[in-house]
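Asker: Submitted below is the structure of interest, expressed as structure tokens.
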Amino acid sequence: MSAISDEARRSVLNEAERLRLLSSTERDLIRLVHEPGFSRWLDQIKSIGGCAHPIYLAGHTTTRDAVTGEILRHYDTSSEPGGRMPVRCRNRRETRCEPCSYLHAGDTFHLVRSGLLGGKGVRDGVRNHPRLFVTLTAPSFGAVHRADDGGVCRPRRDGGVCEHGRSVGCGQRHIDTDPIVGQPLCRDCYDYPGHVLWHASAGKLWNRYCHTLRRHLATAAGITQTRLPEHLTFSFAKVAEYQDRGAVHFHAVIRLDGPDGPSSSPPLWATTDLLSDAVRSAADQVEVRTPYSPATSERVIKWGKQRDVHVIRSDAFTESAVSDSAVAAYVAKYVSKSVGDSGGIDYRIRVFDSIRLAPVNAHLRALMATCWRLGGLQELKGLNLRAWAHTLGYRGHVLTKSRLYSTTYGALRAVRAEYQGGGVLALEDRAAVRESAWRYVGSGHSPAEAEIACGIAEDLATLREIRRDLVAGGWDYVA
């Protein structure tokens, strides 16, 4: 009996020793798989695509027949693991949640593409309307290093130095991934206040640009601006992208419709050439001004000289890089990016010391510090520069569109939710009312949960690649 007890004691001690040697994540994994609702939790995480930071809700939803009061559908989280249900975080940024950013990029693709080809509530004839893909950039705030397709960065035959004693040229050849690309040749010469104030005014500059563009269209047509809505409407969808130098530039799809929006055709005089000329002339003339401050004076905010205006070709007639689907894919690609993809950070700065300790290069740190310094001036309080120091002063949404351009994110999500729910109400074909009561009960993963969710996300990404390869190879794949 004593021998058995000693053996049992040694077994327990050995097991305790093995557990002690495990990492915290491994111990958490053992706990997780022994939970009674583990398999159901696994199904839940699969259903939200392995979201990296899910939101947990508790509550219920009841769907009743509007006439008889009969319960058509009822869902309650009381029977779920932990009495809660995970939903996607819906973060668009790839650095925060890759599964949700992929879904958001897909929604963006369909949102932009439907405004070019029709569908999702937009009539097909919209593909025949004048359409342009326009890129508008920030002006130069100082010379920066650049990767020029294998060419010399900034060749200077006669050399030369700036007033601070630094070279005004660079004879090296940089690759795109070189960390020096986007860095100023001389930080003392670089206009950091101008860079930050341009970012803070970029949204206002775009709004003023849209008004100016409408005025130029009316002038080109020989009518007053107040009568322009009687003949056509101007629609757009634009996305903001950070360059290597930390400056935002805009890619925009611009379209002309008839007076009733995409459901009507524009007049015959509203040609692509007329729109192209108006886009360029409006970009040359539009400007806004910053509030006056003794530290910065009054700055005039304008677009940079580097602009691109391309006619969008139809997918059916061209394989151009500026075709309907190519433009939609391009915009969708950048909607999941942020300043973090240009070496910055994607979280708000609360105290100045956070800038000093931020894992960014000296150029971006100087831009953040400039935001903090100018944000403390009473004359510039309205620009909220300190609140947006992490985005280098830019406070606009990554994607904006005019109301009549196409469908909305909300509509796309509603269709997907109905499809994933099996379209119960559509099958019942009844008038129904829904009663819901939900509350927030938590968010995020434990260490083991995060590992499993990451694996699920990677598996789903691999399956997408396999399906894409099968379709590209001509296989008749059905899933």
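Chains: A, B, ... in order of the structure tokens. Residues: from 1 per chain. Ligands: from 1, in order shown.
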Excluding segment 143-159 of chain A and residues on its chain fewer than 5 positions from it, collect all residues at most 12 Å away from it, counting only C-alpha atoms, and give them as JSON, numbers by chain.
Answerer: {"A": [165, 166, 167, 168, 169, 170, 171, 172, 173, 174, 175, 176, 177, 178, 179, 180, 181, 182, 183, 184, 185, 186, 187, 188, 189, 190, 191, 243, 244, 245, 246, 247, 363]}
Asker: Check the DSSP output for the backbone and give back, as a ChimeraX atom specification, the residues of segment 11-231 of chain A in alpha helix (DSSP H).
Answerer: /A:11-21,24-33,38-47,98-117,192-221
Asker: Counting only C-alpha atoms, what is within 7 Å of segment 265-270 of chain A, bar same-chain residues fewer than 2 positions away, as a VMD selection string?
Answerer: chain A and resid 129 231 to 232 256 to 258 263 272 274
Asker: Of the residues A:Trp372, A:Phe109, A:Tyr75, A:Phe141, which is the one nearest to Gly194 of chain A, using only C-alpha atoms?
Answerer: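 Closest candidate: A:Phe141.
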Asker: Which of these residues is nearest to Thr407 of chain A, using only C-alpha atoms: A:Arg40, A:Arg208, A:Arg113, A:His199?
Answerer: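 With only C-alpha atoms as the atom set, the closest residue is A:Arg113.
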Asker: Do you know which residues are at most 7 Å from Gly396 of chain A counting only C-alpha atoms, after dropping those on the same chain fewer than 2 positions away, and could you put them as a short mmCIF file (atom, residue, chain, number, x, y, z; two decimals) with all heavy atoms, in the first residue's frame?
Answerer:
data_model
loop_
_atom_site.label_atom_id
_atom_site.label_comp_id
_atom_site.auth_asym_id
_atom_site.auth_seq_id
_atom_site.Cartn_x
_atom_site.Cartn_y
_atom_site.Cartn_z
N GLY A 203 -8.90 67.22 -45.53
CA GLY A 203 -10.33 66.96 -45.70
C GLY A 203 -11.08 68.19 -46.20
O GLY A 203 -11.93 68.10 -47.08
N TYR A 394 -3.37 63.88 -39.93
CA TYR A 394 -4.49 63.60 -40.84
C TYR A 394 -5.63 62.98 -40.05
O TYR A 394 -5.45 61.99 -39.35
CB TYR A 394 -4.04 62.65 -41.95
CG TYR A 394 -5.16 62.30 -42.90
CD1 TYR A 394 -5.71 63.26 -43.73
CD2 TYR A 394 -5.66 61.00 -42.95
CE1 TYR A 394 -6.74 62.94 -44.59
CE2 TYR A 394 -6.69 60.68 -43.81
CZ TYR A 394 -7.23 61.65 -44.63
OH TYR A 394 -8.26 61.33 -45.49
N VAL A 398 -10.38 56.80 -44.11
CA VAL A 398 -9.55 56.23 -45.16
C VAL A 398 -10.32 56.16 -46.48
O VAL A 398 -9.75 56.34 -47.55
CB VAL A 398 -9.04 54.83 -44.75
CG1 VAL A 398 -10.18 53.82 -44.63
CG2 VAL A 398 -8.00 54.33 -45.75
#
Asker: Nearest residue to Trp303 of chain A out of A:Pro36, A:Gly106, A:Gly473, A:Pro139, using only C-alpha atoms?
Answerer: A:Pro139
Asker: Identify, on the basis of only C-alpha atoms, every residue whose closest approach to Gly69 of chain A does not exceed 12 Å; exclude the query and any residue fewer than 6 positions from it along the same chain; express the result as a count of residues only.
Answerer: 8
Asker: Nearest to Val300 of chain A among A:Glu163, A:Gln285, A:Val239, A:Leu463, with distances taken over only C-alpha atoms: which residue is it?
Answerer: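 Result for the nearest residue to Val300 of chain A: A:Gln285.
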Asker: Could you work out how far atom CA of Gly83 of chain A lies from atom CA of Ser24 of chain A, giving the answer in Å with one decimal?
Answerer: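 Separation of atom CA of Ser24 of chain A and atom CA of Gly83 of chain A: 25.0 Å.
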Asker: Which one is closest to Ser446 of chain A: A:Arg84, A:His110, A:Arg27, A:Arg20? Count only C-alpha atoms.
Answerer: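 Checking each of A:Arg84, A:His110, A:Arg27, A:Arg20 against Ser446 of chain A, counting only C-alpha atoms, the winner is A:Arg27.
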Asker: What is the distance, in Å and to one decimal place, between atom CA of Asp346 of chain A and atom CA of Ala453 of chain A?
Answerer: 21.7 Å
Asker: In terms of the shortest atom-to-atom distance over only C-alpha atoms, which of A:Ala237, A:Leu213, A:Val112, A:Val322 is closest to His310 of chain A?
Answerer: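 Counting only C-alpha atoms, the residue closest to His310 of chain A is A:Val322.
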Asker: As a list in words, please: the residues near Gly376 of chain A (cut-off 12 Å, only C-alpha atoms, same-chain neighbours under 6 positions excluded).
Answerer: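 Answer for this query is Ser293, Ala295, Phe352, Ala369, Thr370, Gly382, Leu383, Asn384, Leu385, Arg386, Ala387 and Ala389 of chain A.
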Asker: Expressed in Å to a single decimal, how great is the separation between atom CA of Val126 of chain A and atom CA of Ala252 of chain A?
Answerer: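 According to the coordinates, atom CA of Val126 of chain A and atom CA of Ala252 of chain A are separated by 16.7 Å.
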Asker: What's the 8 Å shell around Lys401 of chain A, counting only C-alpha atoms, without same-chain residues fewer than 5 positions away, as a ChimeraX atom specification?
Answerer: /A:235-238
